[in-house]
Amino acid sequence: LIGAVRGITLDWIPADPEGPLPLSASFREKLGRLCDLIESGTTLPPDIEVRLPDLKKMCAKLYQAERAPRGIVKSTLATVSAILVGAWAYHSYETKGIIWKLIQDHKRAKAKAARAARRRAQIYGFSHPKVRPLNGGFVKDR
């Protein structure tokens with residue numbers, strides 16, 4: 001491993017680390033191997049140590065370029081994900097799965113709250129200023 005590190009030359013590294021990385025596959029492969037060596041923590045030769053800050057910037061750019069999805073892939077992935085989630089929700093509702101149960105629970109909770117409000121109004125009188133009696137029932141004013 002030490003012999004491999006000492007045999008690395010940096011003549012293929014661009015002078016400006018702030019610029020874009022070359023698109024060459026061989027350049028990116030070499031830079032990837034060099035980044036792996038830097039991250040491994042092995043002792044590096046002095047000519048690499050001198051350029052270490054620049055190399056770390058370039059490694060970060062390479063990592064970001066290889067890991068980030070490209071434009072059309074990113075938008076397609078988001079679209080397909082939204083379609084799949086929508087299809088799952090529809091299927092879950094139609095087969096009385098978790099979405100249907102959540103909606104039914106919400107409806108039951110609203111109905112229970114309304115029944116409790118009517119009971120309170122019957123027991124304690126008209127607790128809400130907009131509720132008034134009408135022929136034994138309750139009507140909500142607008």
# chains A, B, ... in the order shown; residues from 1 in each chain; ligands from 1
call {"tool": "residues_around", "arguments": {"residues": "Ala89 in chain A", "least_positions_apart": "5", "cutoff": "12 Å", "atoms": "only C-alpha atoms", "output": "PyMOL selection string"}}
result
chain A and resi 82-84+94-103
call {"tool": "atom_distance", "arguments": {"atom1": "CA of Tyr90 in chain A", "atom2": "CA of Thr76 in chain A"}}
result
21.0 Å
call {"tool": "closest_atom_pairs", "arguments": {"of": "range 40-114 of chain A", "to": "range 14-36 of chain A", "cutoff": "10 Å", "atoms": "only C-alpha atoms", "output": "CSV"}}
result
residue,atom,partner,partner_atom,distance
A:Ser40,CA,A:Asp36,CA,6.1
A:Gly41,CA,A:Asp36,CA,9.0
A:Thr42,CA,A:Asp36,CA,9.9
A:Ile48,CA,A:Leu34,CA,9.6
A:Arg51,CA,A:Pro17,CA,9.8
A:Pro53,CA,A:Pro17,CA,9.2
A:Asp54,CA,A:Pro17,CA,5.5
A:Leu55,CA,A:Pro17,CA,7.4
A:Lys56,CA,A:Cys35,CA,7.5
A:Lys57,CA,A:Pro17,CA,6.8
A:Met58,CA,A:Pro17,CA,6.1
A:Cys59,CA,A:Cys35,CA,5.8
A:Ala60,CA,A:Cys35,CA,9.0
A:Lys61,CA,A:Leu21,CA,7.5
A:Leu62,CA,A:Arg28,CA,7.4
A:Tyr63,CA,A:Gly32,CA,8.5
A:Ala65,CA,A:Leu21,CA,9.2
A:Glu66,CA,A:Arg28,CA,9.6
call {"tool": "write_last_selection", "arguments": {"atoms": "N, CA, C and O atoms", "output": "PDB file, in the first residue's frame"}}
result
ATOM      1  N   SER A  40      -8.535   7.008   3.958  1.00  0.00           N
ATOM      2  CA  SER A  40      -8.092   5.849   4.747  1.00  0.00           C
ATOM      3  C   SER A  40      -7.133   6.246   5.865  1.00  0.00           C
ATOM      4  O   SER A  40      -6.951   5.500   6.819  1.00  0.00           O
ATOM      5  N   GLY A  41      -6.517   7.408   5.745  1.00  0.00           N
ATOM      6  CA  GLY A  41      -5.630   7.884   6.809  1.00  0.00           C
ATOM      7  C   GLY A  41      -4.203   7.371   6.686  1.00  0.00           C
ATOM      8  O   GLY A  41      -3.431   7.495   7.635  1.00  0.00           O
ATOM      9  N   THR A  42      -3.841   6.796   5.547  1.00  0.00           N
ATOM     10  CA  THR A  42      -2.465   6.325   5.379  1.00  0.00           C
ATOM     11  C   THR A  42      -1.516   7.516   5.253  1.00  0.00           C
ATOM     12  O   THR A  42      -1.929   8.629   4.943  1.00  0.00           O
ATOM     13  N   ILE A  48       1.792  15.097  -2.156  1.00  0.00           N
ATOM     14  CA  ILE A  48       0.334  15.017  -1.975  1.00  0.00           C
ATOM     15  C   ILE A  48      -0.087  15.842  -0.765  1.00  0.00           C
ATOM     16  O   ILE A  48      -1.120  16.518  -0.796  1.00  0.00           O
ATOM     17  N   ARG A  51      -0.730  19.470  -1.579  1.00  0.00           N
ATOM     18  CA  ARG A  51      -1.970  19.763  -2.316  1.00  0.00           C
ATOM     19  C   ARG A  51      -3.204  19.195  -1.623  1.00  0.00           C
ATOM     20  O   ARG A  51      -4.278  19.146  -2.219  1.00  0.00           O
ATOM     21  N   PRO A  53      -5.404  20.231   0.748  1.00  0.00           N
ATOM     22  CA  PRO A  53      -6.651  21.011   0.790  1.00  0.00           C
ATOM     23  C   PRO A  53      -7.361  21.050  -0.567  1.00  0.00           C
ATOM     24  O   PRO A  53      -8.583  20.918  -0.640  1.00  0.00           O
ATOM     25  N   ASP A  54      -6.574  21.225  -1.644  1.00  0.00           N
ATOM     26  CA  ASP A  54      -7.174  21.240  -2.988  1.00  0.00           C
ATOM     27  C   ASP A  54      -7.766  19.874  -3.324  1.00  0.00           C
ATOM     28  O   ASP A  54      -8.862  19.777  -3.895  1.00  0.00           O
ATOM     29  N   LEU A  55      -7.054  18.823  -2.958  1.00  0.00           N
ATOM     30  CA  LEU A  55      -7.537  17.478  -3.256  1.00  0.00           C
ATOM     31  C   LEU A  55      -8.816  17.164  -2.483  1.00  0.00           C
ATOM     32  O   LEU A  55      -9.722  16.520  -3.015  1.00  0.00           O
ATOM     33  N   LYS A  56      -8.908  17.636  -1.257  1.00  0.00           N
ATOM     34  CA  LYS A  56     -10.123  17.402  -0.475  1.00  0.00           C
ATOM     35  C   LYS A  56     -11.322  18.106  -1.101  1.00  0.00           C
ATOM     36  O   LYS A  56     -12.431  17.566  -1.126  1.00  0.00           O
ATOM     37  N   LYS A  57     -11.111  19.323  -1.619  1.00  0.00           N
ATOM     38  CA  LYS A  57     -12.185  20.041  -2.314  1.00  0.00           C
ATOM     39  C   LYS A  57     -12.637  19.263  -3.539  1.00  0.00           C
ATOM     40  O   LYS A  57     -13.829  19.123  -3.809  1.00  0.00           O
ATOM     41  N   MET A  58     -11.657  18.748  -4.279  1.00  0.00           N
ATOM     42  CA  MET A  58     -11.987  18.001  -5.489  1.00  0.00           C
ATOM     43  C   MET A  58     -12.685  16.680  -5.143  1.00  0.00           C
ATOM     44  O   MET A  58     -13.599  16.247  -5.843  1.00  0.00           O
ATOM     45  N   CYS A  59     -12.274  16.055  -4.049  1.00  0.00           N
ATOM     46  CA  CYS A  59     -12.940  14.818  -3.614  1.00  0.00           C
ATOM     47  C   CYS A  59     -14.402  15.094  -3.245  1.00  0.00           C
ATOM     48  O   CYS A  59     -15.296  14.305  -3.553  1.00  0.00           O
ATOM     49  N   ALA A  60     -14.636  16.227  -2.586  1.00  0.00           N
ATOM     50  CA  ALA A  60     -16.006  16.591  -2.220  1.00  0.00           C
ATOM     51  C   ALA A  60     -16.852  16.814  -3.472  1.00  0.00           C
ATOM     52  O   ALA A  60     -18.007  16.381  -3.545  1.00  0.00           O
ATOM     53  N   LYS A  61     -16.265  17.476  -4.467  1.00  0.00           N
ATOM     54  CA  LYS A  61     -16.981  17.695  -5.729  1.00  0.00           C
ATOM     55  C   LYS A  61     -17.276  16.369  -6.423  1.00  0.00           C
ATOM     56  O   LYS A  61     -18.365  16.166  -6.955  1.00  0.00           O
ATOM     57  N   LEU A  62     -16.303  15.477  -6.423  1.00  0.00           N
ATOM     58  CA  LEU A  62     -16.494  14.172  -7.058  1.00  0.00           C
ATOM     59  C   LEU A  62     -17.582  13.385  -6.334  1.00  0.00           C
ATOM     60  O   LEU A  62     -18.463  12.804  -6.973  1.00  0.00           O
ATOM     61  N   TYR A  63     -17.535  13.386  -5.026  1.00  0.00           N
ATOM     62  CA  TYR A  63     -18.541  12.671  -4.252  1.00  0.00           C
ATOM     63  C   TYR A  63     -19.930  13.227  -4.539  1.00  0.00           C
ATOM     64  O   TYR A  63     -20.882  12.485  -4.754  1.00  0.00           O
ATOM     65  N   ALA A  65     -20.914  14.911  -7.222  1.00  0.00           N
ATOM     66  CA  ALA A  65     -21.305  14.655  -8.607  1.00  0.00           C
ATOM     67  C   ALA A  65     -21.740  13.213  -8.814  1.00  0.00           C
ATOM     68  O   ALA A  65     -22.662  12.937  -9.579  1.00  0.00           O
ATOM     69  N   GLU A  66     -21.087  12.281  -8.131  1.00  0.00           N
ATOM     70  CA  GLU A  66     -21.431  10.876  -8.313  1.00  0.00           C
ATOM     71  C   GLU A  66     -22.662  10.479  -7.520  1.00  0.00           C
ATOM     72  O   GLU A  66     -23.384   9.570  -7.911  1.00  0.00           O
TER      73      GLU A  66
END
call {"tool": "atom_distance", "arguments": {"atom1": "CA of Glu39 in chain A", "atom2": "CA of Leu52 in chain A"}}
result
11.2 Å
call {"tool": "decode", "arguments": {"residues": "range 107-118 of chain A", "atoms": "all heavy atoms", "output": "compact mmCIF listing (two decimals), in the first residue's frame"}}
result
# COMPACT_ATOMS: atom_id res chain seq x y z
N LYS A 107 -63.99 10.49 11.27
CA LYS A 107 -65.44 10.72 11.20
C LYS A 107 -66.11 10.34 12.52
O LYS A 107 -66.99 11.05 13.00
CB LYS A 107 -66.05 9.91 10.06
CG LYS A 107 -65.76 10.46 8.68
CD LYS A 107 -66.41 9.59 7.62
CE LYS A 107 -66.12 10.09 6.23
NZ LYS A 107 -66.71 9.20 5.20
N ARG A 108 -65.70 9.20 13.09
CA ARG A 108 -66.28 8.77 14.37
C ARG A 108 -65.97 9.78 15.47
O ARG A 108 -66.82 10.07 16.32
CB ARG A 108 -65.73 7.40 14.75
CG ARG A 108 -66.45 6.28 14.08
CD ARG A 108 -66.04 4.93 14.69
NE ARG A 108 -65.94 3.99 13.60
CZ ARG A 108 -64.82 3.49 13.11
NH1 ARG A 108 -63.67 3.80 13.64
NH2 ARG A 108 -64.84 2.66 12.10
N ALA A 109 -64.76 10.30 15.48
CA ALA A 109 -64.37 11.28 16.51
C ALA A 109 -65.21 12.56 16.38
O ALA A 109 -65.64 13.13 17.39
CB ALA A 109 -62.89 11.58 16.41
N LYS A 110 -65.44 13.00 15.14
CA LYS A 110 -66.26 14.20 14.94
C LYS A 110 -67.69 13.96 15.39
O LYS A 110 -68.32 14.81 16.05
CB LYS A 110 -66.23 14.62 13.47
CG LYS A 110 -64.99 15.38 13.07
CD LYS A 110 -65.00 15.77 11.60
CE LYS A 110 -66.06 16.79 11.31
NZ LYS A 110 -66.01 17.26 9.92
N ALA A 111 -68.23 12.79 15.04
CA ALA A 111 -69.61 12.47 15.43
C ALA A 111 -69.72 12.36 16.95
O ALA A 111 -70.70 12.83 17.55
CB ALA A 111 -70.06 11.17 14.77
N LYS A 112 -68.72 11.76 17.59
CA LYS A 112 -68.73 11.62 19.05
C LYS A 112 -68.68 12.98 19.72
O LYS A 112 -69.38 13.25 20.71
CB LYS A 112 -67.54 10.77 19.48
CG LYS A 112 -67.52 10.44 20.94
CD LYS A 112 -66.35 9.52 21.28
CE LYS A 112 -66.33 9.19 22.75
NZ LYS A 112 -65.20 8.31 23.07
N ALA A 113 -67.85 13.88 19.18
CA ALA A 113 -67.76 15.24 19.74
C ALA A 113 -69.09 15.98 19.57
O ALA A 113 -69.52 16.70 20.48
CB ALA A 113 -66.63 16.00 19.07
N ALA A 114 -69.75 15.79 18.43
CA ALA A 114 -71.03 16.45 18.21
C ALA A 114 -72.09 15.91 19.18
O ALA A 114 -72.89 16.68 19.74
CB ALA A 114 -71.48 16.26 16.77
N ARG A 115 -72.10 14.58 19.38
CA ARG A 115 -73.05 13.98 20.34
C ARG A 115 -72.79 14.50 21.75
O ARG A 115 -73.72 14.82 22.50
CB ARG A 115 -72.95 12.46 20.31
CG ARG A 115 -73.64 11.82 19.13
CD ARG A 115 -73.78 10.32 19.29
NE ARG A 115 -72.52 9.64 19.53
CZ ARG A 115 -71.71 9.18 18.57
NH1 ARG A 115 -72.04 9.33 17.31
NH2 ARG A 115 -70.58 8.58 18.88
N ALA A 116 -71.52 14.59 22.13
CA ALA A 116 -71.18 15.09 23.47
C ALA A 116 -71.63 16.54 23.63
O ALA A 116 -72.13 16.93 24.69
CB ALA A 116 -69.69 14.95 23.70
N ALA A 117 -71.48 17.35 22.58
CA ALA A 117 -71.90 18.75 22.66
C ALA A 117 -73.42 18.84 22.80
O ALA A 117 -73.93 19.67 23.57
CB ALA A 117 -71.44 19.50 21.41
N ARG A 118 -74.15 17.98 22.09
CA ARG A 118 -75.61 18.00 22.21
C ARG A 118 -76.04 17.56 23.61
O ARG A 118 -76.95 18.15 24.20
CB ARG A 118 -76.24 17.09 21.15
CG ARG A 118 -76.26 17.70 19.76
CD ARG A 118 -77.15 16.94 18.80
NE ARG A 118 -76.76 15.54 18.62
CZ ARG A 118 -75.89 15.10 17.71
NH1 ARG A 118 -75.33 15.96 16.88
NH2 ARG A 118 -75.61 13.82 17.62
